[in-house]
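So this block is protein_28.txt, compact mmCIF, C-alpha atoms:
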```txt
# COMPACT_ATOMS: atom_id res chain seq x y z
CA MET N 588 -4.10 -24.42 0.25
CA ASN N 589 -7.35 -23.35 -1.39
CA PRO N 590 -9.37 -26.50 -2.30
CA ARG N 591 -11.29 -24.69 -5.05
CA VAL N 592 -10.96 -25.80 -8.66
CA LEU N 593 -8.83 -23.59 -10.92
CA GLU N 594 -8.98 -23.10 -14.66
CA THR N 595 -6.17 -21.06 -16.23
CA ARG N 596 -5.53 -19.92 -19.79
CA THR N 597 -2.73 -17.88 -21.36
CA ARG N 598 -3.59 -14.92 -23.55
CA PRO N 599 -1.63 -12.23 -25.46
CA TRP N 600 -0.64 -9.03 -23.71
CA ARG N 601 -3.01 -6.13 -23.16
CA ASP N 602 -2.34 -3.09 -21.04
CA PRO N 603 -3.78 -3.84 -17.57
CA LEU N 604 -4.88 -0.23 -17.19
CA ALA N 605 -6.96 -0.50 -20.38
CA VAL N 606 -8.57 -3.71 -19.09
CA ALA N 607 -9.29 -2.11 -15.71
CA ASN N 608 -10.77 0.89 -17.50
CA GLY N 609 -13.22 -1.41 -19.28
CA LEU N 610 -14.57 -2.93 -16.05
CA ARG N 611 -14.40 0.12 -13.77
CA HIS N 612 -18.21 0.40 -13.55
CA LEU N 613 -18.80 -3.22 -12.51
CA ASP N 614 -19.32 -4.29 -8.90
CA GLY N 615 -16.18 -4.39 -6.75
CA PRO N 616 -13.58 -3.42 -9.39
CA LEU N 617 -9.98 -4.16 -8.43
CA ALA N 618 -6.75 -3.17 -10.15
CA LEU N 619 -3.36 -3.98 -8.61
CA LEU N 620 -1.25 -2.05 -11.10
CA SER N 621 2.51 -2.46 -10.86
CA ASP N 622 5.09 -0.45 -12.77
CA GLY N 623 6.54 -3.61 -14.33
CA GLY N 624 9.91 -3.04 -12.63
CA VAL N 625 12.04 -5.41 -10.59
CA LEU N 626 9.57 -5.33 -7.68
CA GLY N 627 6.43 -5.07 -9.79
CA ARG N 628 6.45 -7.91 -12.27
CA TRP N 629 2.74 -8.73 -11.88
CA SER N 630 -0.47 -6.73 -12.16
CA PHE N 631 -3.93 -8.11 -11.37
CA VAL N 632 -7.39 -6.98 -12.51
CA ALA N 633 -10.75 -8.33 -11.35
CA ALA N 634 -14.34 -7.43 -10.52
CA GLU N 635 -17.55 -8.96 -9.17
CA PRO N 636 -16.37 -10.73 -5.99
CA ASP N 637 -18.51 -13.60 -4.77
CA GLN N 638 -17.63 -13.21 -1.07
CA VAL N 639 -17.09 -9.92 0.78
CA HIS N 640 -16.38 -9.08 4.42
CA ILE N 641 -16.33 -5.49 5.68
CA GLY N 642 -16.21 -4.86 9.40
CA ALA N 643 -14.40 -4.45 12.67
CA LEU N 644 -11.64 -6.71 13.91
CA PRO N 645 -12.35 -8.88 16.97
CA ALA N 646 -11.35 -7.56 20.37
CA ASP N 647 -8.44 -10.01 20.64
CA GLY N 648 -6.65 -8.23 17.78
CA GLY N 649 -6.83 -11.25 15.45
CA LEU N 650 -7.70 -10.94 11.79
CA GLY N 651 -11.11 -12.55 12.05
CA PRO N 652 -12.10 -14.47 8.91
CA LEU N 653 -8.72 -14.08 7.19
CA GLY N 654 -7.11 -17.52 6.99
CA ALA N 655 -10.41 -19.41 7.23
CA PRO N 656 -12.90 -20.38 4.51
CA PRO N 657 -13.82 -18.64 2.28
CA PHE N 658 -10.94 -16.20 2.80
CA GLU N 659 -7.99 -18.53 3.18
CA ALA N 660 -6.57 -17.91 -0.33
CA GLY N 661 -7.39 -16.16 -3.57
CA VAL N 662 -8.37 -13.07 -1.59
CA VAL N 663 -7.65 -9.34 -1.56
CA GLY N 664 -7.82 -7.44 1.70
CA LEU N 665 -7.17 -4.14 3.44
CA ILE N 666 -6.35 -3.54 7.09
CA THR N 667 -6.50 0.03 8.37
CA TYR N 668 -3.68 1.56 10.34
CA ASP N 669 -6.06 2.29 13.25
CA ALA N 670 -7.02 -1.38 13.60
CA GLY N 671 -3.39 -2.28 14.21
CA ALA N 672 -2.70 0.69 16.47
CA ARG N 673 -5.66 0.13 18.78
CA ALA N 674 -3.67 -1.92 21.29
CA ALA N 675 -1.59 1.20 21.93
CA THR N 676 -4.16 3.94 21.43
CA GLY N 677 -7.33 2.40 22.83
CA PRO N 678 -10.71 2.93 21.12
CA ARG N 679 -10.90 5.90 18.74
CA PRO N 680 -13.60 7.17 16.37
CA GLU N 681 -14.00 4.87 13.37
CA VAL N 682 -13.29 6.57 10.03
CA TRP N 683 -13.07 3.38 7.95
CA PRO N 684 -13.87 -0.32 8.54
CA ASP N 685 -10.98 -2.19 10.17
CA LEU N 686 -10.87 -4.99 7.64
CA MET N 687 -12.08 -5.38 4.06
CA LEU N 688 -11.85 -8.77 2.32
CA ALA N 689 -13.08 -9.92 -1.07
CA ARG N 690 -12.76 -13.19 -2.96
CA TYR N 691 -12.72 -12.97 -6.76
CA PRO N 692 -13.76 -16.08 -8.76
CA ALA N 693 -12.48 -14.48 -11.99
CA MET N 694 -9.15 -12.68 -12.23
CA LEU N 695 -6.60 -11.60 -14.84
CA ALA N 696 -2.88 -11.78 -13.98
CA PHE N 697 -0.54 -9.68 -16.15
CA ASP N 698 3.10 -10.76 -16.39
CA HIS N 699 5.04 -7.62 -17.33
CA ARG N 700 8.26 -9.54 -17.89
CA ASP N 701 6.90 -12.17 -20.29
CA ARG N 702 4.22 -9.84 -21.71
CA SER N 703 1.46 -12.37 -21.27
CA ILE N 704 -1.84 -12.65 -19.41
CA THR N 705 -3.12 -15.57 -17.33
CA VAL N 706 -6.89 -15.87 -17.24
CA ILE N 707 -7.89 -17.36 -13.87
CA GLY N 708 -11.25 -18.98 -13.12
CA ARG N 709 -12.03 -20.31 -9.65
CA GLY N 710 -14.97 -22.44 -8.63
CA ASP N 711 -16.24 -25.29 -6.49
CA ASP N 712 -16.28 -27.56 -9.54
CA PRO N 713 -14.86 -27.55 -13.08
CA ALA N 714 -18.02 -26.04 -14.58
CA SER N 715 -18.05 -23.02 -12.25
CA ALA N 716 -14.29 -22.49 -12.68
CA ARG N 717 -14.79 -22.56 -16.46
CA ALA N 718 -17.63 -20.05 -16.22
CA ALA N 719 -15.46 -17.71 -14.15
CA ALA N 720 -12.65 -17.94 -16.70
CA GLU N 721 -15.13 -17.12 -19.48
CA ARG N 722 -16.20 -14.02 -17.56
CA ALA N 723 -12.57 -12.87 -17.33
CA GLU N 724 -12.24 -13.43 -21.09
CA VAL N 725 -15.14 -11.00 -21.58
CA TRP N 726 -13.25 -8.40 -19.56
CA LEU N 727 -10.27 -8.74 -21.88
CA ALA N 728 -12.50 -8.20 -24.89
CA ALA N 729 -14.01 -5.10 -23.25
CA ALA N 730 -10.65 -3.37 -22.68
CA ARG N 731 -10.73 0.35 -23.50
CA ASP N 732 -7.63 2.48 -23.97
CA PRO N 733 -8.14 5.29 -21.48
CA ALA N 734 -7.99 8.99 -22.21
CA ARG N 735 -6.44 11.23 -19.59
CA PRO N 736 -9.35 12.90 -17.75
CA ALA N 737 -9.45 16.43 -16.47
CA ALA N 738 -8.39 17.03 -12.88
CA PRO N 739 -11.26 15.52 -10.86
CA ALA N 740 -10.99 17.36 -7.53
CA ALA N 741 -13.26 20.31 -6.86
CA SER N 742 -11.31 21.05 -3.67
CA PHE N 743 -8.09 20.01 -1.89
CA GLU N 744 -7.59 21.62 1.51
CA ALA N 745 -5.24 20.92 4.40
CA ASP N 746 -7.06 19.70 7.49
CA ALA N 747 -4.81 21.89 9.68
CA PRO N 748 -2.48 24.85 9.00
CA PRO N 749 1.22 24.13 8.35
CA GLY N 750 2.13 25.64 11.71
CA ALA N 751 0.24 22.91 13.53
CA TYR N 752 2.47 20.30 11.87
CA VAL N 753 5.61 22.26 12.71
CA ASP N 754 4.50 22.39 16.35
CA ALA N 755 3.74 18.65 16.38
CA VAL N 756 7.20 17.83 15.04
CA ALA N 757 8.82 20.09 17.65
CA ASP N 758 6.86 18.33 20.39
CA VAL N 759 8.00 14.90 19.17
CA VAL N 760 11.63 16.08 19.04
CA ASP N 761 11.27 17.19 22.67
CA ARG N 762 9.80 13.81 23.64
CA ILE N 763 12.70 12.05 21.96
CA ALA N 764 15.15 14.25 23.86
CA ALA N 765 13.36 13.30 27.09
CA GLY N 766 13.90 9.60 26.34
CA GLU N 767 10.23 8.78 25.67
CA LEU N 768 10.96 7.23 22.25
CA PHE N 769 13.48 7.23 19.41
CA GLN N 770 11.34 7.97 16.35
CA ALA N 771 7.71 8.63 15.35
CA ASN N 772 6.12 9.09 11.95
CA ILE N 773 3.90 12.19 12.07
CA ALA N 774 1.47 12.96 9.26
CA ARG N 775 -0.56 15.80 7.76
CA ALA N 776 -3.91 15.35 6.03
CA TRP N 777 -5.77 16.98 3.15
CA SER N 778 -9.44 16.55 2.29
CA GLY N 779 -11.76 17.49 -0.51
CA ALA N 780 -14.44 16.43 -2.94
CA LEU N 781 -14.49 15.27 -6.52
CA ALA N 782 -16.50 17.09 -9.14
CA PRO N 783 -20.01 15.60 -9.59
CA GLU N 784 -19.12 13.86 -12.86
CA ALA N 785 -15.78 12.45 -11.57
CA ASP N 786 -14.98 9.22 -9.72
CA PRO N 787 -11.87 7.78 -8.01
CA PHE N 788 -10.73 5.83 -11.09
CA ASP N 789 -10.03 9.18 -12.78
CA VAL N 790 -7.23 9.64 -10.24
CA VAL N 791 -5.74 6.28 -11.27
CA LEU N 792 -5.68 7.38 -14.91
CA ARG N 793 -3.98 10.66 -14.00
CA LEU N 794 -1.30 8.75 -12.06
CA SER N 795 -0.56 6.37 -14.94
CA ASP N 796 2.62 8.19 -15.98
CA ARG N 797 3.89 7.91 -12.40
CA ALA N 798 3.33 4.20 -11.89
CA ALA N 799 4.63 2.62 -8.68
CA ALA N 800 5.48 -0.97 -7.81
CA TYR N 801 2.35 -1.32 -5.67
CA GLY N 802 -0.20 0.92 -7.36
CA ALA N 803 -3.82 0.00 -6.71
CA PHE N 804 -7.46 0.90 -7.19
CA TRP N 805 -10.19 -0.89 -5.24
CA ARG N 806 -13.85 -0.05 -4.81
CA LEU N 807 -16.36 -1.94 -2.67
CA GLY N 808 -19.71 -0.20 -2.56
CA ASP N 809 -19.27 3.41 -1.48
CA LEU N 810 -15.66 2.87 -0.27
CA ALA N 811 -12.67 3.22 -2.59
CA ILE N 812 -8.92 3.67 -2.40
CA VAL N 813 -6.33 4.86 -4.91
CA SER N 814 -2.73 4.03 -4.00
CA ASN N 815 0.53 4.86 -5.75
CA SER N 816 2.69 3.18 -3.13
CA PRO N 817 6.35 2.29 -3.77
CA GLU N 818 6.68 0.47 -0.44
CA LEU N 819 6.53 -3.26 0.24
CA PHE N 820 5.31 -4.29 3.67
CA LEU N 821 5.62 -8.08 3.34
CA THR N 822 5.92 -10.85 0.82
CA PHE N 823 5.58 -14.51 1.73
CA ASP N 824 6.46 -17.44 -0.52
CA PRO N 825 5.02 -20.65 0.97
CA GLU N 826 7.21 -22.87 -1.23
CA ASN N 827 10.47 -21.83 0.43
CA ARG N 828 8.90 -20.09 3.48
CA ARG N 829 10.67 -16.83 2.57
CA ILE N 830 9.44 -13.57 4.12
CA GLU N 831 10.69 -10.21 2.85
CA THR N 832 10.09 -6.62 3.95
CA ARG N 833 11.51 -3.43 2.40
CA PRO N 834 11.05 -0.46 4.76
CA ILE N 835 11.45 3.06 3.35
CA LYS N 836 12.94 5.77 5.54
CA GLY N 837 14.68 8.84 4.13
CA THR N 838 13.40 11.12 1.36
CA ARG N 839 14.56 13.88 -0.98
CA PRO N 840 12.48 15.62 -3.67
CA ARG N 841 13.29 15.10 -7.35
CA ASP N 842 14.59 18.06 -9.36
CA ALA N 843 14.08 18.83 -13.05
CA ASP N 844 17.76 19.68 -13.42
CA PRO N 845 19.69 16.37 -13.80
CA MET N 846 22.77 17.59 -11.93
CA ARG N 847 20.73 18.94 -9.03
CA ASP N 848 18.63 15.76 -8.99
CA ALA N 849 21.75 13.56 -8.79
CA ALA N 850 23.13 15.76 -6.03
CA LEU N 851 19.93 15.31 -4.00
CA ALA N 852 20.15 11.52 -4.38
CA ALA N 853 23.80 11.57 -3.31
CA GLU N 854 22.94 13.79 -0.35
CA LEU N 855 20.28 11.32 0.76
CA GLU N 856 22.64 8.35 0.45
CA ALA N 857 25.29 10.11 2.55
CA SER N 858 22.93 11.56 5.18
CA ALA N 859 23.79 10.33 8.66
CA LYS N 860 20.35 11.42 9.89
CA ASP N 861 18.47 9.48 7.22
CA ARG N 862 20.64 6.41 7.64
CA ALA N 863 20.04 6.43 11.38
CA GLU N 864 16.29 6.83 10.79
CA ASN N 865 16.32 3.93 8.34
CA LEU N 866 18.41 1.70 10.60
CA MET N 867 16.00 2.14 13.52
CA ILE N 868 13.16 0.77 11.40
CA VAL N 869 15.33 -2.04 9.99
CA ASP N 870 16.01 -3.15 13.58
CA LEU N 871 12.31 -2.90 14.42
CA MET N 872 11.34 -5.03 11.41
CA ARG N 873 14.07 -7.58 12.24
CA ASN N 874 12.52 -7.95 15.68
CA ASP N 875 8.99 -8.25 14.27
CA LEU N 876 9.99 -10.95 11.79
CA ALA N 877 11.96 -12.84 14.41
CA ARG N 878 8.70 -13.57 16.25
CA VAL N 879 7.49 -15.79 13.38
CA ALA N 880 10.81 -16.86 11.80
CA GLU N 881 13.06 -19.85 12.21
CA PRO N 882 15.83 -18.97 14.69
CA GLY N 883 18.84 -17.44 12.99
CA SER N 884 17.11 -16.91 9.64
CA VAL N 885 16.49 -13.14 9.86
CA ALA N 886 18.96 -11.25 7.66
CA VAL N 887 19.50 -7.71 6.38
CA GLU N 888 20.15 -8.31 2.68
CA ARG N 889 20.47 -4.70 1.53
CA LEU N 890 20.95 -1.54 3.54
CA PHE N 891 20.49 2.12 2.57
CA GLU N 892 19.79 1.72 -1.15
CA VAL N 893 18.57 4.83 -2.99
CA GLU N 894 15.43 4.29 -5.09
CA SER N 895 14.31 7.07 -7.41
CA HIS N 896 10.61 7.63 -8.10
CA PRO N 897 8.87 10.27 -10.25
CA THR N 898 8.68 12.91 -7.50
CA VAL N 899 11.06 11.70 -4.74
CA HIS N 900 14.22 9.74 -3.95
CA HIS N 901 13.88 7.21 -1.11
CA LEU N 902 16.32 5.31 1.12
CA VAL N 903 15.29 1.64 1.21
CA SER N 904 16.56 -1.48 3.02
CA THR N 905 15.63 -5.16 2.61
CA VAL N 906 15.12 -7.62 5.49
CA SER N 907 14.33 -11.30 4.92
CA ALA N 908 13.58 -14.35 7.05
CA ARG N 909 12.32 -17.93 6.77
CA ALA N 910 8.92 -18.51 8.38
CA ARG N 911 8.49 -21.27 10.92
CA ASP N 912 6.38 -24.25 9.93
CA GLY N 913 2.70 -23.56 10.42
CA VAL N 914 3.05 -19.79 9.95
CA GLY N 915 0.86 -18.41 7.18
CA PRO N 916 -0.12 -15.01 5.75
CA ALA N 917 -2.61 -14.17 8.51
CA ASP N 918 0.02 -14.89 11.19
CA LEU N 919 2.58 -12.68 9.44
CA LEU N 920 0.19 -9.77 9.08
CA ALA N 921 -1.02 -10.02 12.66
CA THR N 922 2.54 -10.15 14.01
CA ALA N 923 4.18 -7.32 12.05
CA PHE N 924 1.27 -4.91 11.57
CA PRO N 925 1.26 -1.89 11.50
CA PRO N 926 4.45 -1.49 9.44
CA GLY N 927 7.34 -0.11 11.44
CA SER N 928 8.27 2.47 8.80
CA ILE N 929 5.07 4.41 9.41
CA THR N 930 4.90 4.06 13.20
CA GLY N 931 8.35 4.51 14.76
CA ALA N 932 10.39 3.03 17.55
CA PRO N 933 9.55 1.65 20.01
CA LYS N 934 6.43 0.86 17.98
CA HIS N 935 3.90 0.80 20.85
CA GLN N 936 5.00 4.14 22.28
CA ALA N 937 5.30 5.71 18.84
CA MET N 938 1.67 4.83 18.09
CA LYS N 939 0.58 6.47 21.35
CA VAL N 940 2.48 9.65 20.47
CA ILE N 941 1.03 9.64 16.93
CA ALA N 942 -2.50 9.40 18.36
CA GLY N 943 -1.81 12.47 20.47
CA HIS N 944 -1.15 14.54 17.36
CA GLU N 945 -3.38 13.00 14.66
CA PRO N 946 -7.00 11.99 14.24
CA PRO N 947 -7.51 8.39 13.07
CA ARG N 948 -5.68 7.63 9.81
CA GLY N 949 -8.06 5.14 8.20
CA PRO N 950 -6.56 3.19 5.27
CA TRP N 951 -3.50 5.43 5.02
CA CYS N 952 -0.44 3.54 6.27
CA GLY N 953 -2.47 0.41 6.64
CA SER N 954 -1.85 -2.43 4.21
CA LEU N 955 -3.42 -3.73 1.00
CA PHE N 956 -2.67 -7.41 0.46
CA HIS N 957 -3.26 -10.14 -2.11
CA ILE N 958 -3.11 -13.82 -1.18
CA GLU N 959 -2.89 -16.09 -4.21
CA ASP N 960 -4.30 -19.60 -4.53
CA ASP N 961 -1.04 -21.23 -3.43
CA GLY N 962 -0.83 -19.01 -0.32
CA ARG N 963 1.73 -16.58 -1.77
CA MET N 964 1.14 -13.09 -0.33
CA THR N 965 2.15 -9.58 -1.30
CA ALA N 966 1.25 -6.74 1.07
CA SER N 967 1.98 -3.07 0.43
CA VAL N 968 2.23 -0.14 2.81
CA LEU N 969 -0.58 2.26 1.90
CA ILE N 970 1.48 5.42 1.57
CA ARG N 971 0.80 7.80 -1.37
CA THR N 972 -2.82 6.77 -0.89
CA ALA N 973 -6.16 8.55 -0.96
CA SER N 974 -9.35 7.07 0.48
CA PHE N 975 -12.77 7.93 -0.95
CA ARG N 976 -16.36 7.75 0.30
CA GLY N 977 -19.29 7.96 -2.07
CA SER N 978 -22.73 9.41 -1.42
CA GLY N 979 -25.61 10.88 -3.35
CA ALA N 980 -23.63 14.10 -3.50
CA GLY N 981 -20.58 12.44 -5.09
CA TRP N 982 -17.19 11.36 -3.80
CA SER N 983 -15.24 12.92 -0.92
CA PHE N 984 -11.60 12.03 -0.25
CA ARG N 985 -8.81 12.22 2.31
CA ALA N 986 -5.07 11.92 1.66
CA LEU N 987 -2.10 12.02 4.06
CA ALA N 988 1.66 12.33 3.98
CA GLY N 989 4.07 11.89 6.86
CA ALA N 990 7.71 12.06 7.87
CA GLY N 991 9.81 10.11 10.35
CA ILE N 992 10.79 12.38 13.21
CA VAL N 993 14.09 11.73 15.01
CA ALA N 994 16.24 13.61 17.51
CA ASP N 995 17.81 15.98 14.99
CA SER N 996 14.71 16.60 12.87
CA GLU N 997 14.16 20.21 11.82
CA PRO N 998 10.41 20.89 11.87
CA ARG N 999 10.23 22.99 8.71
CA ALA N 1000 12.37 20.52 6.77
CA GLU N 1001 9.94 17.75 7.78
CA LEU N 1002 7.04 19.95 6.64
CA ALA N 1003 8.72 20.30 3.24
CA GLU N 1004 9.15 16.52 3.07
CA THR N 1005 5.40 16.01 3.47
CA ASP N 1006 4.80 18.48 0.62
CA ALA N 1007 7.16 16.47 -1.62
CA LYS N 1008 5.41 13.21 -0.72
CA ILE N 1009 1.87 14.48 -1.40
CA ARG N 1010 2.86 16.12 -4.68
CA ALA N 1011 1.96 13.30 -7.07
CA LEU N 1012 -1.47 12.74 -5.52
CA ARG N 1013 -2.18 16.47 -5.29
CA GLU N 1014 -1.34 16.96 -8.96
CA ALA N 1015 -3.42 13.93 -9.94
CA LEU N 1016 -6.39 15.29 -8.04
CA THR N 1017 -6.12 19.00 -8.78
CA GLY N 1018 -3.81 19.42 -11.76
CA VAL N 1019 -1.51 21.75 -9.80
```
Full structure transcribed into structure tokens:
Amino acid sequence: MNPRVLETRTRPWRDPLAVANGLRHLDGPLALLSDGGVLGRWSFVAAEPDQVHIGALPADGGLGPLGAPPFEAGVVGLITYDAGARAATGPRPEVWPDLMLARYPAMLAFDHRDRSITVIGRGDDPASARAAAERAEVWLAAARDPARPAAPAASFEADAPPGAYVDAVADVVDRIAAGELFQANIARAWSGALAPEADPFDVVLRLSDRAAAYGAFWRLGDLAIVSNSPELFLTFDPENRRIETRPIKGTRPRDADPMRDAALAAELEASAKDRAENLMIVDLMRNDLARVAEPGSVAVERLFEVESHPTVHHLVSTVSARARDGVGPADLLATAFPPGSITGAPKHQAMKVIAGHEPPRGPWCGSLFHIEDDGRMTASVLIRTASFRGSGAGWSFRALAGAGIVADSEPRAELAETDAKIRALREALTGV
């Protein structure tokens, strides 16, 4: 439990995107922007962290300062995919820091269900907590309704030709047939640069009509991410010790024709291939959670549910467990990371195979997490995510999309799936 003093106040509703737009140019702006749906009741907006850690993870694979002062609670963090995969892949070139952590004294929490805002001030004493709350009040007053900007990307190019991806999928299918593994998630990447006058928050604004449960913008210095992820990695409720994960496996594109769109959703729900792919990852996540759960508490609550998003239908399952006493957010992340849905099965071998076909992934398919003052954690899977680096010449970016490859995968169908998954980000960046 965080020993810091809290001051909270309730205020009338404002659009969190408008509030985030008003503080986008401050230091360390953060916007965890949910769609307000069943899984996305809360959004959070903040800026000006008082403690920041950016760096490599220790050699023992632990999460370093996470779970210790000042990063035990009230913190936002990001772990890259490559940091979690290193035990399988060995050292690889660093494309992004392993771990980013920031503690925000002032924060605004937006309750989409009750249409209210909680102003949060944190400090070492009542006076500093009150000052932090006053700063958050200023952010509310500075909210600016955003206009939709022009497409910000000056370029958007595939890092490799489509044929290279087709060949990679075929190779993984052969490895599965040889008994090397059961499934691996193989990705493609696109890179480019933003126009000189543009910045990553423009991409957030252009995604606003395609909001996801775990949308996010975060900038620390010259590093930024924009995520439109629909996928939950982990939640942890310390009051009842409940852990939940919701792996996604199985995808169909949306269609403008309602009858065709419904047929695609029904096809996904009935697909033996996609169900088998999903079930493999459900079993993997059950095993991961069992390592930190009370015996007998791991349960599959929902299996093979179709969720429809603006550009794709997904097949989603829900696994829950009750954490053992003494297990906290850092333990959960260290045990289950990287998420099974974006590695494969067996996880260790899948990560080795992925490394044979892909350069380092960076933030993509890592996790962005928020640990609240009471120890409650929400961690997303960073799919539908672009990472940005700033320099004197402007912002460059990289975005990826992948597909789970199984024994009966057809390489060109998997290529088409990656095109469907990158569509929303591509359109937000380029307009086409």
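Using only C-alpha atoms, the smallest distance between any of N:Leu794, N:Val869, N:Ala751, N:Leu644 and Arg1010 (chain N) comes from N:Leu794.
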**Prompt:** With distances taken over only C-alpha atoms, which of N:Val940, N:Ala990, N:Ala723, N:Ile970 is nearest to Asn815 (chain N)?
**Reply:**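 Closest to Asn815 (chain N) of all the choices is N:Ile970.
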**Asked** Which residues come within 8 Å of Ala672 (chain N), counting only C-alpha atoms, excluding same-chain residues fewer than 5 positions away, as a VMD selection string?
**Response** chain N and resid 925 935 938
**Item:** Protein and nucleic acid residues near (2.3, 19.5, -11.5) (cut-off 12 Å, all atoms listed in the file) as number ranges by chain
**Value:** N: 738, 793-794, 797, 843, 897-898, 1007, 1009-1019
Residues within 7 Å of (4.2, -5.4, -20.3), file coords, only C-alpha atoms, listed as a PDB file with C-alpha atoms, keeping the file's coordinate frame:
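Full text of point_4.pdb as output:
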```pdb
ATOM      1  CA  TRP N 600      -0.640  -9.030 -23.710  1.00  0.00           C
ATOM      2  CA  ASP N 602      -2.340  -3.090 -21.040  1.00  0.00           C
ATOM      3  CA  GLY N 623       6.540  -3.610 -14.330  1.00  0.00           C
ATOM      4  CA  ASP N 698       3.100 -10.760 -16.390  1.00  0.00           C
ATOM      5  CA  HIS N 699       5.040  -7.620 -17.330  1.00  0.00           C
ATOM      6  CA  ARG N 700       8.260  -9.540 -17.890  1.00  0.00           C
ATOM      7  CA  ARG N 702       4.220  -9.840 -21.710  1.00  0.00           C
TER       8      ARG N 702
END
```
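Here CA of Gly915 (chain N) is placed at a distance of 9.0 Å from CA of Arg828 (chain N).
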**Asked** N:Val914, N:Ala863, N:Leu987, N:Val756: which is nearest Arg829 (chain N), counting all atoms listed in the file?
**Response** N:Val914
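Take the candidates N:Leu969, N:Leu821, N:Ala859, N:Leu610 and check each one against Ala923 (chain N) using all atoms listed in the file; the shortest distance goes to N:Leu821.
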Using all atoms listed in the file, find each residue of region 689-737 of chain N with at least one atom at most 9 Å away from an atom of region 647-663 of chain N; report its shortest atom-to-atom pair and that distance in Å (one decimal), sort the rows by chain and rising residue number, and return the result as a tab-separated table.
```
residue	atom	partner	partner_atom	distance
N:Ala689	CA	N:Val663	CA	5.5
N:Arg690	CA	N:Val662	CA	4.6
N:Tyr691	CA	N:Val662	CA	6.8
N:Pro692	CA	N:Gly661	CA	8.2
N:Arg709	CA	N:Gly661	CA	8.7
```
**Prompt:** Quick one: of N:Val791, N:Ala799, N:Ile835, N:Leu851, who's nearest to Glu892 (chain N), counting all atoms listed in the file?
**Reply:**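 For Glu892 (chain N), the nearest of the candidates is N:Ile835.
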**Request:** Compare N:Pro636, N:Gly609, N:Pro834, N:Gly949 by their minimum atom-to-atom distance to Val887 (chain N), counting all atoms listed in the file, and give me the closest one.
**Result:**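 Closest to Val887 (chain N) of all the choices is N:Pro834.
Rounded to one decimal, CA of Ser974 (chain N) and CA of Met867 (chain N) lie 28.9 Å from each other.
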**Residues within 9 Å of Asn827 (chain N), only C-alpha atoms, excluding chain neighbours under 2 positions, as a list in words** =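 These residues fall inside the cut-off: Phe823, Asp824, Pro825, Arg829, Arg909 and Ala910 of chain N.
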Would you kindly return, as a JSON list (two decimals) with C-alpha atoms, in the frame of the given file, each protein, DNA or RNA residue with an atom no farther than 7 Å from any atom of Val968 (chain N), considering all atoms listed in the file and excluding same-chain residues fewer than 6 positions away?
```json
[["chain", "number", "residue", "atom", "x", "y", "z"],
["N", 816, "SER", "CA", 2.69, 3.18, -3.13],
["N", 818, "GLU", "CA", 6.68, 0.47, -0.44],
["N", 819, "LEU", "CA", 6.53, -3.26, 0.24],
["N", 820, "PHE", "CA", 5.31, -4.29, 3.67],
["N", 952, "CYS", "CA", -0.44, 3.54, 6.27],
["N", 953, "GLY", "CA", -2.47, 0.41, 6.64],
["N", 954, "SER", "CA", -1.85, -2.43, 4.21],
["N", 955, "LEU", "CA", -3.42, -3.73, 1.00]]
```
**Asked** So how far away is CA of Asp754 (chain N) from CA of Glu997 (chain N), in Å?
**Response**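 Computing the Euclidean distance for CA of Glu997 (chain N) and CA of Asp754 (chain N) yields 10.9 Å.
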**Message:** With only C-alpha atoms as the counted atoms, please give the residues lying no more than 6 Å from Phe697 (chain N), apart from itself and same-chain residues fewer than 3 positions off, as a VMD selection string.
**Reply:** chain N and resid 629 to 630 704
Missing atoms in region 959-967 of chain N: can you complete it with N, CA and C atoms, as a PDB file, keeping the file's coordinate frame?
```
ATOM      1  N   GLU N 959      -2.592 -15.301  -3.033  1.00  0.00           N
ATOM      2  CA  GLU N 959      -2.890 -16.090  -4.210  1.00  0.00           C
ATOM      3  C   GLU N 959      -3.329 -17.507  -3.825  1.00  0.00           C
ATOM      4  N   ASP N 960      -3.720 -18.281  -4.815  1.00  0.00           N
ATOM      5  CA  ASP N 960      -4.300 -19.600  -4.530  1.00  0.00           C
ATOM      6  C   ASP N 960      -3.333 -20.556  -3.861  1.00  0.00           C
ATOM      7  N   ASP N 961      -2.031 -20.358  -4.073  1.00  0.00           N
ATOM      8  CA  ASP N 961      -1.040 -21.230  -3.430  1.00  0.00           C
ATOM      9  C   ASP N 961      -0.582 -20.687  -2.080  1.00  0.00           C
ATOM     10  N   GLY N 962      -1.200 -19.597  -1.596  1.00  0.00           N
ATOM     11  CA  GLY N 962      -0.830 -19.010  -0.320  1.00  0.00           C
ATOM     12  C   GLY N 962       0.240 -17.946  -0.403  1.00  0.00           C
ATOM     13  N   ARG N 963       0.747 -17.647  -1.596  1.00  0.00           N
ATOM     14  CA  ARG N 963       1.730 -16.580  -1.770  1.00  0.00           C
ATOM     15  C   ARG N 963       1.057 -15.237  -1.489  1.00  0.00           C
ATOM     16  N   MET N 964       1.726 -14.376  -0.702  1.00  0.00           N
ATOM     17  CA  MET N 964       1.140 -13.090  -0.330  1.00  0.00           C
ATOM     18  C   MET N 964       2.071 -11.945  -0.688  1.00  0.00           C
ATOM     19  N   THR N 965       1.465 -10.858  -1.151  1.00  0.00           N
ATOM     20  CA  THR N 965       2.150  -9.580  -1.300  1.00  0.00           C
ATOM     21  C   THR N 965       1.315  -8.534  -0.581  1.00  0.00           C
ATOM     22  N   ALA N 966       1.944  -7.776   0.299  1.00  0.00           N
ATOM     23  CA  ALA N 966       1.250  -6.740   1.070  1.00  0.00           C
ATOM     24  C   ALA N 966       2.017  -5.436   0.953  1.00  0.00           C
ATOM     25  N   SER N 967       1.338  -4.380   0.558  1.00  0.00           N
ATOM     26  CA  SER N 967       1.980  -3.070   0.430  1.00  0.00           C
ATOM     27  C   SER N 967       1.731  -2.236   1.679  1.00  0.00           C
TER      28      SER N 967
END
```
